[in-house]
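Trainee: Input work26.txt, format and content: compact mmCIF, C-alpha atoms.
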```txt
# COMPACT_ATOMS: atom_id res chain seq x y z
CA VAL A 1 26.03 109.30 114.32
CA ILE A 2 26.63 105.92 112.66
CA GLY A 3 28.18 103.45 115.06
CA GLY A 4 27.79 100.75 117.64
CA SER A 5 27.78 96.98 117.62
CA LEU A 6 26.90 94.24 120.06
CA GLY A 7 28.78 95.08 123.27
CA LYS A 8 29.79 98.57 122.13
CA SER A 9 26.55 100.53 122.30
CA GLY A 10 27.92 103.12 124.71
CA ALA A 11 30.27 104.71 122.17
CA PRO A 12 27.67 106.06 119.71
CA ALA A 13 25.39 107.02 122.59
CA MET A 14 28.13 109.18 124.14
CA ALA A 15 28.94 110.71 120.76
CA GLY A 16 25.28 111.54 120.22
CA MET A 17 24.88 113.14 123.63
CA ALA A 18 28.10 115.11 123.15
CA ALA A 19 26.73 116.55 119.89
CA LEU A 20 23.62 117.65 121.75
CA ARG A 21 25.64 119.16 124.58
CA ALA A 22 27.70 121.02 122.00
CA GLY A 23 24.54 122.70 120.76
CA ALA A 24 23.18 120.51 117.96
CA GLY A 25 19.40 120.74 117.84
CA LEU A 26 18.61 117.15 116.81
CA VAL A 27 20.84 114.07 116.84
CA THR A 28 20.05 110.63 115.46
CA VAL A 29 22.12 107.57 116.30
CA ALA A 30 21.93 104.92 113.60
CA THR A 31 23.07 101.62 115.05
CA SER A 32 22.65 97.87 114.80
CA ARG A 33 19.22 96.54 115.67
CA SER A 34 20.53 94.62 118.67
CA SER A 35 22.24 97.75 120.04
CA LEU A 36 19.36 100.15 119.48
CA PRO A 37 17.46 99.50 122.75
CA LEU A 38 20.64 100.15 124.74
CA VAL A 39 21.42 103.36 122.87
CA ALA A 40 17.83 104.57 123.18
CA GLY A 41 17.89 103.82 126.90
CA HIS A 42 21.04 105.89 127.38
CA ALA A 43 19.23 109.22 127.01
CA PRO A 44 15.69 110.18 126.00
CA GLU A 45 17.01 113.14 124.00
CA LEU A 46 18.59 110.88 121.38
CA MET A 47 16.68 109.78 118.31
CA THR A 48 17.59 106.33 117.01
CA GLU A 49 17.37 104.37 113.78
CA PRO A 50 17.89 100.61 113.47
CA LEU A 51 20.30 99.31 110.84
CA SER A 52 20.55 95.79 109.46
CA GLU A 53 23.31 93.82 111.14
CA THR A 54 25.50 90.80 110.61
CA ALA A 55 25.19 87.54 112.54
CA THR A 56 27.64 88.91 115.12
CA GLY A 57 25.60 92.05 115.82
CA ALA A 58 27.80 94.41 113.81
CA LEU A 59 26.96 96.68 110.90
CA GLY A 60 27.69 95.33 107.44
CA ARG A 61 26.76 95.53 103.77
CA LEU A 62 23.05 95.05 104.45
CA ALA A 63 22.98 98.35 106.32
CA LEU A 64 23.85 100.21 103.11
CA GLY A 65 20.26 99.79 102.00
CA ASP A 66 18.99 101.48 105.17
CA LEU A 67 21.20 104.57 105.05
CA PRO A 68 20.41 106.64 101.92
CA ASP A 69 16.94 107.77 103.02
CA LEU A 70 18.13 108.28 106.58
CA MET A 71 21.02 110.55 105.58
CA LYS A 72 19.07 112.77 103.16
CA ALA A 73 18.06 115.39 105.70
CA LYS A 74 21.21 115.31 107.83
CA THR A 75 23.67 118.21 107.87
CA VAL A 76 26.63 116.37 109.46
CA ILE A 77 27.59 112.70 109.70
CA ALA A 78 29.91 111.17 112.30
CA ILE A 79 30.90 107.55 111.72
CA GLY A 80 33.04 105.14 113.67
CA PRO A 81 32.31 105.00 117.42
CA GLY A 82 31.87 101.41 118.57
CA LEU A 83 31.65 99.89 115.08
CA GLY A 84 34.15 97.07 115.47
CA ARG A 85 36.65 95.94 112.82
CA GLY A 86 34.87 93.30 110.77
CA ILE A 87 35.43 93.09 107.01
CA GLU A 88 31.81 93.94 106.20
CA THR A 89 31.86 96.82 108.66
CA ALA A 90 34.95 98.29 107.01
CA GLU A 91 33.25 98.06 103.60
CA LEU A 92 30.24 99.91 104.99
CA VAL A 93 32.42 102.67 106.42
CA ARG A 94 34.29 103.18 103.16
CA ASP A 95 31.08 103.34 101.15
CA VAL A 96 29.50 105.91 103.49
CA ALA A 97 32.64 108.00 103.95
CA LEU A 98 33.41 108.20 100.25
CA ASN A 99 29.90 109.00 99.05
CA THR A 100 28.62 111.58 101.52
CA THR A 101 28.38 115.22 100.45
CA VAL A 102 27.91 116.79 103.90
CA PRO A 103 30.61 117.46 106.52
CA THR A 104 31.83 114.10 107.80
CA VAL A 105 33.72 113.15 110.97
CA ILE A 106 35.50 109.78 110.99
CA ASP A 107 36.79 108.30 114.22
CA ALA A 108 37.84 105.03 115.86
CA ASP A 109 36.99 101.95 113.80
CA GLY A 110 35.88 104.25 111.01
CA LEU A 111 39.54 105.20 110.65
CA ASN A 112 40.71 101.61 110.97
CA ALA A 113 38.63 100.80 107.90
CA PHE A 114 41.17 102.78 105.87
CA GLU A 115 44.27 100.94 107.10
CA GLY A 116 46.36 100.50 103.97
CA LEU A 117 43.78 102.48 101.99
CA ALA A 118 44.40 106.00 103.22
CA LYS A 119 44.71 107.27 99.64
CA MET A 120 40.93 106.92 99.41
CA LEU A 121 40.44 109.66 102.00
CA ASN A 122 39.99 113.10 100.49
CA GLY A 123 38.15 116.18 101.71
CA GLU A 124 38.23 118.32 98.57
CA LYS A 125 34.48 118.02 97.89
CA ARG A 126 33.24 118.43 101.47
CA THR A 127 34.58 119.04 104.94
CA LEU A 128 36.32 115.90 106.19
CA VAL A 129 37.53 115.63 109.78
CA LEU A 130 39.63 112.71 111.04
CA THR A 131 40.29 112.22 114.75
CA PRO A 132 42.94 109.51 115.21
CA HIS A 133 44.84 108.65 118.36
CA PRO A 134 48.53 107.79 117.77
CA GLY A 135 47.78 104.11 117.14
CA GLU A 136 45.16 104.88 114.50
CA MET A 137 47.45 107.50 112.97
CA ALA A 138 50.18 104.89 112.71
CA ARG A 139 47.84 102.51 110.88
CA LEU A 140 46.75 105.25 108.46
CA THR A 141 50.32 106.23 107.62
CA ALA A 142 52.01 102.80 107.81
CA MET A 143 54.33 104.22 110.47
CA SER A 144 55.09 103.05 113.98
CA VAL A 145 53.48 104.74 116.97
CA SER A 146 56.90 105.92 118.11
CA GLN A 147 57.50 107.55 114.71
CA VAL A 148 54.16 109.34 114.92
CA GLN A 149 54.85 110.54 118.44
CA ALA A 150 58.36 111.72 117.54
CA ASP A 151 56.95 114.20 115.00
CA ARG A 152 53.30 114.75 115.90
CA ILE A 153 53.01 118.15 114.23
CA GLY A 154 54.85 117.14 111.08
CA VAL A 155 52.91 113.90 110.62
CA ALA A 156 49.56 115.60 111.22
CA ARG A 157 50.32 118.53 108.89
CA GLY A 158 51.58 116.28 106.13
CA PHE A 159 48.52 114.05 106.22
CA ALA A 160 46.08 116.98 106.37
CA ARG A 161 47.68 118.65 103.35
CA GLU A 162 47.89 115.46 101.31
CA HIS A 163 44.28 114.47 101.97
CA ALA A 164 42.67 117.93 102.08
CA CYS A 165 41.21 117.22 105.50
CA ILE A 166 41.19 118.55 109.03
CA LEU A 167 43.13 116.12 111.20
CA VAL A 168 42.95 116.01 114.99
CA LEU A 169 45.86 113.96 116.32
CA LYS A 170 44.74 113.22 119.85
CA GLY A 171 46.94 112.86 122.89
CA HIS A 172 48.89 115.16 125.19
CA ARG A 173 48.58 118.59 123.54
CA SER A 174 46.34 117.45 120.71
CA VAL A 175 47.28 118.77 117.26
CA VAL A 176 44.66 120.20 114.88
CA ALA A 177 46.19 120.23 111.39
CA LEU A 178 44.47 122.05 108.53
CA PRO A 179 44.63 121.46 104.76
CA ASN A 180 46.53 124.73 104.23
CA GLY A 181 49.43 123.55 106.39
CA GLU A 182 48.49 125.40 109.57
CA ALA A 183 48.63 123.50 112.85
CA TRP A 184 47.07 124.42 116.18
CA ILE A 185 48.18 122.99 119.52
CA ASN A 186 45.49 122.56 122.17
CA PRO A 187 46.50 123.72 125.67
CA THR A 188 43.62 122.13 127.61
CA GLY A 189 43.13 118.60 128.91
CA ASN A 190 44.85 116.30 131.38
CA ALA A 191 45.94 112.71 131.98
CA GLY A 192 42.60 111.78 133.54
CA MET A 193 41.08 111.91 130.06
CA ALA A 194 43.08 108.84 129.01
CA THR A 195 40.06 106.63 129.63
CA GLY A 196 37.72 104.79 127.30
CA GLY A 197 35.03 106.90 125.67
CA THR A 198 36.53 110.38 125.81
CA GLY A 199 37.33 110.14 122.11
CA ASP A 200 33.69 109.35 121.38
CA VAL A 201 32.69 112.48 123.28
CA LEU A 202 35.11 114.53 121.17
CA THR A 203 33.69 113.06 117.96
CA GLY A 204 30.20 114.13 118.95
CA MET A 205 31.33 117.59 119.99
CA ILE A 206 33.09 118.16 116.67
CA ALA A 207 29.97 117.04 114.78
CA GLY A 208 27.81 119.33 116.91
CA PHE A 209 29.97 122.38 116.26
CA LEU A 210 30.25 121.63 112.53
CA ALA A 211 26.46 121.51 112.34
CA GLN A 212 26.26 125.02 113.76
CA PHE A 213 29.21 126.59 111.95
CA PRO A 214 29.56 124.77 108.60
CA GLU A 215 31.08 127.84 106.96
CA ARG A 216 33.93 127.94 109.53
CA PRO A 217 34.93 124.29 109.94
CA GLU A 218 38.50 124.94 111.07
CA LEU A 219 37.41 127.13 113.98
CA ALA A 220 34.52 124.77 114.78
CA VAL A 221 36.95 121.87 115.17
CA CYS A 222 39.43 123.92 117.21
CA ALA A 223 36.63 125.10 119.50
CA ALA A 224 35.42 121.53 120.02
CA VAL A 225 38.93 120.28 120.84
CA TYR A 226 39.56 123.17 123.23
CA LEU A 227 36.25 122.80 125.07
CA HIS A 228 36.63 119.01 125.23
CA GLY A 229 39.92 119.48 127.08
CA MET A 230 38.46 122.22 129.23
CA ALA A 231 35.57 119.93 130.22
CA GLY A 232 38.20 117.40 131.23
CA ASP A 233 39.97 120.01 133.32
CA VAL A 234 36.72 120.94 135.07
CA ALA A 235 36.08 117.24 135.76
CA ARG A 236 39.60 116.88 137.16
CA ASP A 237 39.02 119.81 139.49
CA GLN A 238 35.77 118.31 140.73
CA LEU A 239 36.63 114.60 140.83
CA GLY A 240 40.38 114.16 140.53
CA GLU A 241 42.16 112.54 137.58
CA LEU A 242 41.93 108.96 138.85
CA ALA A 243 38.15 108.94 139.22
CA MET A 244 37.23 110.50 135.89
CA VAL A 245 35.17 108.64 133.27
CA ALA A 246 34.10 109.78 129.81
CA THR A 247 30.51 110.66 130.67
CA ASP A 248 31.76 113.12 133.29
CA LEU A 249 32.71 115.38 130.37
CA LEU A 250 29.07 115.54 129.28
CA HIS A 251 28.22 117.02 132.68
CA THR A 252 31.18 119.41 132.92
CA LEU A 253 30.96 120.76 129.37
CA PRO A 254 28.41 123.46 130.32
CA GLU A 255 30.82 124.84 132.94
CA ALA A 256 33.68 124.69 130.42
CA MET A 257 31.56 126.73 128.02
CA ARG A 258 30.66 129.22 130.75
CA ARG A 259 34.31 129.74 131.71
CA THR A 260 35.42 130.15 128.12
CA ILE A 261 32.69 132.68 127.35
CA ALA A 262 33.60 134.64 130.49
CA TRP A 263 37.30 134.69 129.53
CA SER A 264 36.49 135.82 125.99
CA ARG A 265 34.75 138.90 127.39
CA GLN A 266 37.67 139.99 129.50
CA LYS A 267 39.80 142.85 128.28
CA PRO A 268 43.16 141.48 127.14
CA MET A 269 46.29 142.64 128.95
CA ARG A 270 49.45 143.49 127.04
CA ILE A 271 52.68 142.43 128.73
CA SER A 272 55.84 143.99 127.31
```
Take the structure in this file and express it as structure tokens.
Mentor:
Amino acid sequence: VIGGSLGKSGAPAMAGMAALRAGAGLVTVATSRSSLPLVAGHAPELMTEPLSETATGALGRLALGDLPDLMKAKTVIAIGPGLGRGIETAELVRDVALNTTVPTVIDADGLNAFEGLAKMLNGEKRTLVLTPHPGEMARLTAMSVSQVQADRIGVARGFAREHACILVLKGHRSVVALPNGEAWINPTGNAGMATGGTGDVLTGMIAGFLAQFPERPELAVCAAVYLHGMAGDVARDQLGELAMVATDLLHTLPEAMRRTIAWSRQKPMRIS
């Protein structure tokens, strides 16, 4: 997980823990030197790597020299959580996203780095997953948020086909659009998940599932989206929608997995 900046260390930490909860064996969070102690203190299970930072505590061009050796042994890269929107940061994101050869998940400020430059995004040579909310989708497509929301399936499908990527358009009934034109609508989730950090958890979950099922990326992404919403539904049942925060999903994900596995083993009933 590449992310974080001064004041935004929680985002990559949540993404890293979500990847672990999703079943990834080892997760490293590469973050700015000033953010590293906070990320490392979030959970002892996370490995961390310091990256060179700008004067404002964000990642920039200097970090490019730190990344090649770090990324050599990694099977999946997730970039974006908590990065911030500085010019140097955007340049770093574009360099990493366009030169990786392993499955890559781009979220949050990683997506904002391609505002006006969406043509650069292409997943033909490796699995590329984008996870925009409607605002980020609007920036990628030069549309308004209302235009995106008026045709969520059409916008997501068109972008996924054009850029040969898997696109998760988040929101009520998240859309998973595939490069072949298929679109899946997620039935899980609730309004209590509209709180800061839940998107970072989803990013980590997607990365964790891709690491385990690289040969079936479409189903890995759909499973992550479904279980993310299910974890939110479990949290709602336990805490209520108003009290939910993003890290609750890290604790309710195991129950969401248990329920889903139990349902998958039930004999289906045909209703005619």
Trainee: Using all atoms listed in the file, collect all residues at a distance of at most 12 Å from (13.9, 111.6, 108.0) as written in the file, then present them as a ChimeraX atom specification.
Mentor: /A:26-28,30,47-49,66-75
Trainee: From the options A:Gly199, A:Ala40, A:Gly154, A:Ala58, which residue's atoms come nearest to Glu182 of chain A, counting all atoms listed in the file?
Mentor: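 Under the stated criterion, the closest residue is A:Gly154.
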Trainee: May I ask which of the residues A:Lys170, A:His163, A:Arg94, A:Lys8 is the closest one to Gly82 of chain A, counting only C-alpha atoms?
Mentor: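 Looking only at the distances to Gly82 of chain A, the closest residue turns out to be A:Lys8.
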Trainee: Between atom CA of Gly229 of chain A and atom CA of Thr188 of chain A, what is the distance in Å, rounded to a tenth?
Mentor: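 Atom CA of Thr188 of chain A lies 4.6 Å from atom CA of Gly229 of chain A.
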Trainee: For the point (35.9, 120.1, 139.2) in the file's frame, write as a count of residues only all residues with an atom no more than 12 Å away, counting all atoms listed in the file.
Mentor: 21
Trainee: If we count all atoms listed in the file, what is near Val201 of chain A at a cut-off of 8 Å, once residues fewer than 5 positions away on the same chain are taken out, given as JSON, numbers by chain?
Mentor: {"A": [14, 15, 17, 18, 19, 228, 246, 247, 249, 250]}
